[in-house]
Amino acid sequence: MPDKKDTIALLESIADIMEFKGENKFKVGAYRNGAISIRRFEGEFDEVITKKELDKIKGIGKGLQAVIYEYFEKGESSLYKQLRADVPDGIEELLQIKGMGAGKINQLYTELGISNIGELEYACRENRLTLLKGFGEATQNKILNEIEKQKYHSKFVLLNTAEEFAAEIRSKLDPVKQIQKSELTGELRRGKEIISSINIVLLLSDKNKFLREIKKKFEFEIENEVISVREYFSIPVNLHLAYTEDEFNRTLFLTTGSDAFLSRLNIVPAKVKGETEEDIFKSLTVPYIIPEMREGEYFDIKKKSLAANSDLSTDAFRGLLHFHTVYSDGRNTLEEMITAAEKKGFGYAAVCDHSKSAFYANGLSEERILKQKEEVEKLNPLKQVHIFQGIESDILSDGNLDYSNQFLSAFHFVVASIHSRFSMDEEQMTARILKAVENPFTDLLAHPSGRLLLSRDPYKFKVKKVIDACAANDVAIEINSNPRRLDLDWRWIYYAREKGCRFSINPDAHSINEIGLIKYGVIMGRKGGLMNSEVINCYELPEFKKFLSRKINRKL
């Protein structure tokens with residue numbers, strides 16, 4: 001069933017196609033403004049649909065109401081389908097290129113006949129865009145750069161998507177009787193943040209019978225005991241075959257570690273032996289290294305005398321920090337989120353809805369914060385989970401947070417983060433973040449680099465300077481667990497640990513279902529060798545309260 005975000009996306013797509021087709025600008029504007037109105041709407045959107053009360057949302061006229069009601073009733077829009085009918089398939093793909101609005105795409109289509117990314121790339125390389133009004137060499141180069149990024153990104157999928165692909169492959173393999181044992185390996189077993197291929201090791205009892213069976217399920221090629229499944233997903237799928245326990249363990253070991261990791265160990269594949277992976281490490285006179293840390297960067301940990309293995313586990317988590325509710329842009333109420341946290345065994349939770357500058361996310365005014373505070377106070381005696389009222393406060397361009405320090409003092413937990421003006425130069429961005437970290441009320445620096453994997457590059461800032469400031473000001477650094485972020489990048493965890501930083505691993509959950517995203521942050525933490533003792537979510541309640549009052553005396 002569609003929801004609020006789906007509705008906003010539909011209205012924006014309709015506006016884009018209308019603009020591309022050159023329709024009346026006021027009509028286009030109605031759909032764009034409608035999307036903005038719904039994004040800013042603070043009430044229960046599903047309830048408005050059920051009660052047919054869209055007319056209560058300013059900016060949603062009868063025409064838009066009909067489109068939205070149909071979308072919810074049928075799961076599709078006849079207007080959208082009608083608009084798309086005579087638009088080339090590649091146009092919407094072009095709309096995804098940053099800096100390419102519908103007007104410019106229409107110009108390219110009308111004047112150069114460009115209707116897809118391939119044609120656009122060819123035109124750029126032939127220097128044709130510079131002949132058009134409004135397109136200079138700088139714009140052409142920027143478009144080429146964006147196309148290259150898209151091509152690179154198309155070779156990867158996010159970690160959670162790869163897990164879904166792998167689960168589907170394994171479900172097809174499960175009924176095959178000749179498979180005695182199977183194990184994920186390669187990038188998935190190491191928990192890389194983006195995945196280029198799915199690799200599974202199989203222990204077989206009968207190769208010929210196995211091959212006959214899987215011919216019914218996949219098209220494939222086989223070479224050197226590796227089956228390459230053809231065109232099943234957007235990334236390659238490889239099945240590594242073994243016929244004895246020793247072969248299985250050797251293959252698992254050799255396919256888990258990155259090339260850089262294995263080369264640093266000076267591995268001779270034929271000499272790798274052992275009944276278990278632990279035995280293999282012993283034979284190499286190397287302490288056992290968890291799969292997540294089998295990257296070339298592991299050897300940097302050794303140089304810095306940091307722990308060579310991580311004990312980090314979701315079982316050790318006591319606090320659910322940095323999540324959102326319907327007060328801002330979440331999908332569940334505070335009570336629903338706390339009830340879910342209770343069921344998952346958390347002992348305390350800090351709700352951190354968006355602050356007032358985040359108008360795009362229905363950020364909270366001071367008045368609405370006081371209203372939420374009342375709900376927190378009413379809920380606390382009724383729940384086993386202790387609730388703290390926090391805020392995700394936007395870092396403004398000058399480094400200030402978007403509430404006064406006097407108002408910030410009322411919160412139990414303050415998360416500082418950047419959601420705008422990503423293009424500031426390195427010096428300005430660094431100064432901006434440092435000022436926020438030095439604010440005495442800041443407890444956590446959230447998703448520090450602002451990256452969106454396979455979508456948006458990190459903004460430019462001096463990472464070491466920011467980490468040093470977090471250590472000096474006792475501000476925890478977030479490892480945001482959303483698979484699109486996984487930010488702080490795990491490679492920086494080593495440096496931050498060396499400096500004595502604290503960490504917080506958070507789902508940034510916008511719904512009950514997203515609480516489980518914590519597991520991806522834990523994987524990143526394990527890649528960086530994090531210990532439970534370094535993560536504030538693993539503190540018991542008294543220790544967490546002590547952390548909250550480490551700089552200012554909060555009423556907890």
# chains A, B, ... in the order shown; residues from 1 in each chain; ligands from 1
>>> residues_around(residues="Ile227 of chain A", least_positions_apart="3", cutoff="7 Å", atoms="only C-alpha atoms", output="VMD selection string")
chain A and resid 220 to 223 238 to 240
>>> write_last_selection(atoms="N, CA and C atoms", output="PDB file, in the first residue's frame")
ATOM      1  N   PHE A 220      24.158 -21.251 -16.045  1.00  0.00           N
ATOM      2  CA  PHE A 220      25.459 -21.005 -15.427  1.00  0.00           C
ATOM      3  C   PHE A 220      26.593 -21.513 -16.300  1.00  0.00           C
ATOM      4  N   GLU A 221      27.803 -21.063 -15.908  1.00  0.00           N
ATOM      5  CA  GLU A 221      29.045 -21.566 -16.486  1.00  0.00           C
ATOM      6  C   GLU A 221      29.903 -22.064 -15.332  1.00  0.00           C
ATOM      7  N   ILE A 222      30.748 -23.073 -15.573  1.00  0.00           N
ATOM      8  CA  ILE A 222      31.614 -23.585 -14.517  1.00  0.00           C
ATOM      9  C   ILE A 222      33.056 -23.622 -14.988  1.00  0.00           C
ATOM     10  N   GLU A 223      33.942 -23.118 -14.120  1.00  0.00           N
ATOM     11  CA  GLU A 223      35.368 -23.134 -14.421  1.00  0.00           C
ATOM     12  C   GLU A 223      36.139 -23.187 -13.114  1.00  0.00           C
ATOM     13  N   ASN A 238      28.562 -16.195  -7.607  1.00  0.00           N
ATOM     14  CA  ASN A 238      29.527 -17.278  -7.776  1.00  0.00           C
ATOM     15  C   ASN A 238      29.356 -18.327  -6.690  1.00  0.00           C
ATOM     16  N   LEU A 239      29.299 -19.585  -7.101  1.00  0.00           N
ATOM     17  CA  LEU A 239      29.199 -20.707  -6.166  1.00  0.00           C
ATOM     18  C   LEU A 239      30.525 -21.462  -6.199  1.00  0.00           C
ATOM     19  N   HIS A 240      31.205 -21.521  -5.052  1.00  0.00           N
ATOM     20  CA  HIS A 240      32.512 -22.173  -4.960  1.00  0.00           C
ATOM     21  C   HIS A 240      32.310 -23.596  -4.430  1.00  0.00           C
TER      22      HIS A 240
END
>>> residues_around(residues="Glu12 of chain A", least_positions_apart="5", cutoff="8 Å", atoms="only C-alpha atoms", output="ChimeraX atom specification")
/A:31-32,35
>>> write_last_selection(atoms="C-alpha atoms", output="tab-separated table (two decimals), in the first residue's frame")
chain	number	residue	atom	x	y	z
A	31	TYR	CA	1.93	19.20	-8.32
A	32	ARG	CA	5.30	20.41	-7.01
A	35	ALA	CA	4.33	17.43	-2.82
>>> residues_around(residues="Glu168 of chain A", least_positions_apart="3", cutoff="12 Å", atoms="only C-alpha atoms", output="JSON, numbers by chain")
{"A": [161, 162, 163, 164, 165, 171, 172, 173, 174, 198, 217, 232, 233, 237]}
>>> write_last_selection(atoms="N, CA and C atoms", output="short mmCIF file (atom, residue, chain, number, x, y, z; two decimals), in the first residue's frame")
data_model
loop_
_atom_site.label_atom_id
_atom_site.label_comp_id
_atom_site.auth_asym_id
_atom_site.auth_seq_id
_atom_site.Cartn_x
_atom_site.Cartn_y
_atom_site.Cartn_z
N THR A 161 20.82 -5.01 0.35
CA THR A 161 20.28 -5.54 -0.90
C THR A 161 20.99 -6.84 -1.27
N ALA A 162 22.31 -6.85 -1.11
CA ALA A 162 23.08 -8.06 -1.41
C ALA A 162 22.65 -9.21 -0.50
N GLU A 163 22.34 -8.89 0.75
CA GLU A 163 21.86 -9.93 1.68
C GLU A 163 20.54 -10.52 1.17
N GLU A 164 19.67 -9.67 0.66
CA GLU A 164 18.39 -10.15 0.11
C GLU A 164 18.63 -11.05 -1.10
N PHE A 165 19.53 -10.63 -1.99
CA PHE A 165 19.87 -11.45 -3.16
C PHE A 165 20.41 -12.81 -2.72
N SER A 171 17.77 -19.86 -0.84
CA SER A 171 16.47 -20.54 -0.74
C SER A 171 16.25 -21.48 -1.92
N LYS A 172 16.82 -21.14 -3.08
CA LYS A 172 16.72 -22.02 -4.24
C LYS A 172 17.67 -23.22 -4.11
N LEU A 173 18.76 -23.02 -3.38
CA LEU A 173 19.73 -24.11 -3.20
C LEU A 173 19.34 -25.06 -2.06
N ASP A 174 18.57 -24.57 -1.11
CA ASP A 174 18.24 -25.36 0.08
C ASP A 174 17.68 -26.75 -0.21
N ILE A 198 28.19 -11.73 -5.17
CA ILE A 198 27.72 -12.63 -4.11
C ILE A 198 28.48 -13.94 -4.27
N LYS A 217 17.41 -24.74 -12.13
CA LYS A 217 17.18 -23.50 -11.38
C LYS A 217 17.86 -22.28 -12.00
N TYR A 232 21.46 -13.31 -13.15
CA TYR A 232 20.37 -13.54 -12.19
C TYR A 232 20.05 -12.25 -11.44
N PHE A 233 21.11 -11.53 -11.06
CA PHE A 233 20.94 -10.25 -10.38
C PHE A 233 21.80 -9.21 -11.09
N VAL A 237 27.00 -13.67 -9.35
CA VAL A 237 26.79 -14.67 -8.29
C VAL A 237 27.71 -15.85 -8.59
#
>>> residues_around(residues="Pro458 of chain A", least_positions_apart="4", cutoff="6 Å", atoms="only C-alpha atoms", output="list in words")
Ser449, Gly450 and Arg451 of chain A
>>> residues_around(residues="segment 47-61 of chain A", least_positions_apart="4", cutoff="7 Å", atoms="only C-alpha atoms", output="list in words")
Asn33, Gly34, Ser37, Gln65 and Tyr69 of chain A
>>> write_last_selection(atoms="N, CA and C atoms", output="compact mmCIF listing (two decimals), in the first residue's frame")
# COMPACT_ATOMS: atom_id res chain seq x y z
N ASN A 33 4.02 21.95 -5.60
CA ASN A 33 3.59 22.52 -4.32
C ASN A 33 2.79 21.52 -3.50
N GLY A 34 2.03 20.67 -4.21
CA GLY A 34 1.29 19.61 -3.51
C GLY A 34 2.23 18.66 -2.78
N SER A 37 3.49 20.46 0.27
CA SER A 37 2.45 20.54 1.31
C SER A 37 2.33 19.23 2.07
N GLN A 65 -6.39 15.81 -5.27
CA GLN A 65 -7.08 14.86 -4.38
C GLN A 65 -7.49 13.61 -5.15
N TYR A 69 -6.24 9.92 -4.13
CA TYR A 69 -7.19 8.89 -3.70
C TYR A 69 -7.13 7.66 -4.62
>>> residues_around(residues="Phe253 of chain A", least_positions_apart="3", cutoff="9 Å", atoms="only C-alpha atoms", output="count of residues only")
10
>>> atom_distance(atom1="atom CA of Phe544 of chain A", atom2="atom CA of Arg432 of chain A")
27.5 Å
>>> residues_around(residues="segment 336-344 of chain A", least_positions_apart="6", cutoff="9 Å", atoms="only C-alpha atoms", output="compact mmCIF listing (two decimals) with C-alpha atoms, in the first residue's frame")
# COMPACT_ATOMS: atom_id res chain seq x y z
CA GLY A 319 20.20 1.89 24.49
CA LEU A 320 18.22 2.72 21.36
CA PHE A 323 15.30 7.46 16.07
CA HIS A 324 12.35 9.41 14.68
CA THR A 325 8.60 9.43 15.20
CA VAL A 351 13.94 9.91 20.75
CA LYS A 383 7.20 1.64 30.20
CA GLN A 384 10.08 -0.63 31.16
CA VAL A 385 12.28 1.33 28.75
CA HIS A 386 13.46 4.62 30.23
CA ILE A 387 12.76 7.39 27.70
CA SER A 511 9.79 3.18 11.66
CA ILE A 512 9.57 0.13 13.92
CA ASN A 513 10.97 -2.08 11.16
CA ILE A 515 15.20 -0.51 14.43
>>> select_by_dssp(residues="segment 119-255 of chain A", states="strand (DSSP E or B)", output="ChimeraX atom specification")
/A:157-158,179-185,194-195,198-204,220-223,226-229,237-242
>>> atom_distance(atom1="atom CA of Lys499 of chain A", atom2="atom CA of Val475 of chain A")
12.2 Å
>>> select_by_dssp(residues="segment 245-283 of chain A", states="helix (DSSP H, G or I)", output="count of residues only")
28
>>> atom_distance(atom1="atom CA of Leu108 of chain A", atom2="atom CA of Leu129 of chain A")
8.2 Å
>>> closest_residue(among="A:Ala471, A:Gly528, A:Tyr327, A:Glu392", to="Glu44 of chain A", atoms="only C-alpha atoms")
A:Tyr327
